[in-house]
Structure formats: structure tokens, C-alpha cells
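Asks: Could you have a look at this structure, given as C-alpha cells, before my questions?
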Amino acid sequence: MKAHWRHAAGKPEPVDLIHLVDATDADGDRCVVRVTGRSQPGVLTGHDILRADVVASTSFLDARLELHLSQRNLSTWEHALEGLVPGGDAVIGGDRGLYLGIHLNEDQSVAVTIDDPDRLSTLLWLRPPANWIEDHRARLSRLRQTWPSEVVETAPMTYEWSPNRMRAPIGHSPLPEAPAGK
């Protein structure tokens, strides 16, 4: 049985997929990607797409932007974290929308690039705690437990519910069933 973090209304708690804070800055410069839920719960083509807020905060910037994450985005992020070494990059998003890139510098600081077409392009420099990569692997694992993939693509552009799909707890309305391929 998979663990799900829930708040009083029975909905999953938001999960910070990315939570980078400058440990050396008293002002607390930060970049957070907070996943808040499914884009279109119960709709095969949008059920596994996750909604997130990107929050960037520094002494000169306070921005909140929207990001949608596919299962492919999460897999790409996971692989990038596994191999991230000084001089390397990890990227999330960018599928015709917001792009967030992290470059790990030789001194273990990170350069965070946020590019949201038509809205904002900025670069943040942060010095996160030493264990930030392991922390972000754990964050991804918690995110996948909270909102597991429940849709499979059986052929190009043909979808159906996974046999492992979570059902609503007793006393809660189940998600509506949709015919395969819709």
C-alpha cells in the first residue's frame, strides 16, 4: 500500500519537488517548485499531468509562475539528479512553457535559470546545503507516492487506466471512469 500525505479535506498535501534555499543568505533567496495536484483528475489525457507553482524569491524578485509536469519531465529530472556532478545541469519543464535549469558549479553553488516565455527570464545564484541532491531525490520519491502515474499509453495517442490505479478511500467519491482512448 502506498503512503499518501493528505490534509483535512482528504486531498493530498502539496509537495515541494524542488526546494533550493541559499543557506548563506540571511534574506533567504530561494527557488521552490511546489506540486499542488493533478491537472485534470479523472481525464485520461490529463490525469498524470501535475500542476505546480514555481516560486522565486530574492531581494530583487518575488515571482510565482505556473508549471505543468508530465511523467516524462519527472523521469528526466530523476536521471539528471542521479548524474549531477560539478559542471553538470539538471532541467525540468520547457515543453512549450516554463523552463527551469540548475547548473551545479565547481564550488557546489547552483545557478538556477528560470525562463517563462513572455513573462520572466532570470538567473539566481544559491548555495544550498551540502545534502541538497539527496534531499531532492527523496522529494521526487514522495511526489511519486502522493501522485503516482495511473495512466498507460497502450499505443501512440491511446490511453487507458493502469491496473495499479489507486481508488478513492471508502467514504470518498471515486474518480469518474472514462472509456479507454479518451
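Please note that chains go A, B, ... in the order of the C-alpha cells, that every chain numbers its residues from 1, and that ligands are numbered from 1 in the order shown.
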What's the 8 Å shell around Gly93 in chain A, counting only C-alpha atoms, without same-chain residues fewer than 4 positions away, as a PyMOL selection string?
Replies: chain A and resi 67-69+73+97-100
Asks: Would you write out those residues with N, CA and C atoms, as a compact mmCIF listing (two decimals), in the first residue's frame?
Replies:
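Final output, selection_12.txt:
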# COMPACT_ATOMS: atom_id res chain seq x y z
N LEU A 67 3.60 25.88 -13.69
CA LEU A 67 4.32 24.85 -14.43
C LEU A 67 3.48 23.59 -14.44
N HIS A 68 3.43 22.92 -15.60
CA HIS A 68 2.77 21.62 -15.70
C HIS A 68 3.85 20.58 -15.96
N LEU A 69 3.81 19.48 -15.20
CA LEU A 69 4.83 18.45 -15.28
C LEU A 69 4.25 17.13 -15.73
N ASN A 73 8.74 14.49 -17.73
CA ASN A 73 9.51 15.52 -17.03
C ASN A 73 10.10 14.98 -15.73
N GLY A 97 6.69 25.70 -22.45
CA GLY A 97 6.30 26.52 -21.32
C GLY A 97 7.51 26.84 -20.48
N LEU A 98 7.29 27.00 -19.21
CA LEU A 98 8.35 27.37 -18.29
C LEU A 98 9.48 26.34 -18.30
N TYR A 99 10.69 26.86 -18.30
CA TYR A 99 11.91 26.05 -18.24
C TYR A 99 12.64 26.43 -16.97
N LEU A 100 13.08 25.43 -16.20
CA LEU A 100 13.88 25.68 -15.02
C LEU A 100 15.13 24.82 -15.13
Asks: So that I can see what lies close to range 41-54 of chain A, please list as number ranges by chain the residues with an atom at most 10 Å from it, counting only C-alpha atoms and leaving out residues fewer than 6 positions away in the same chain.
Replies: A: 14-19, 31-35, 63-74, 98, 100, 114, 147-153, 157-161, 174-182
Asks: I'd like to know which of A:Asp27, A:Asp118, A:Leu104, A:Arg165 is closest to Trp132 in chain A, using only C-alpha atoms.
Replies: A:Leu104
Asks: Determine which residues of range 35-141 of chain A DSSP labels as strand (DSSP E or B) from the backbone of this structure, then write them out as a ChimeraX atom specification.
Replies: /A:35-38,50-57,62-69,89-93,99-104,110-116,120-126
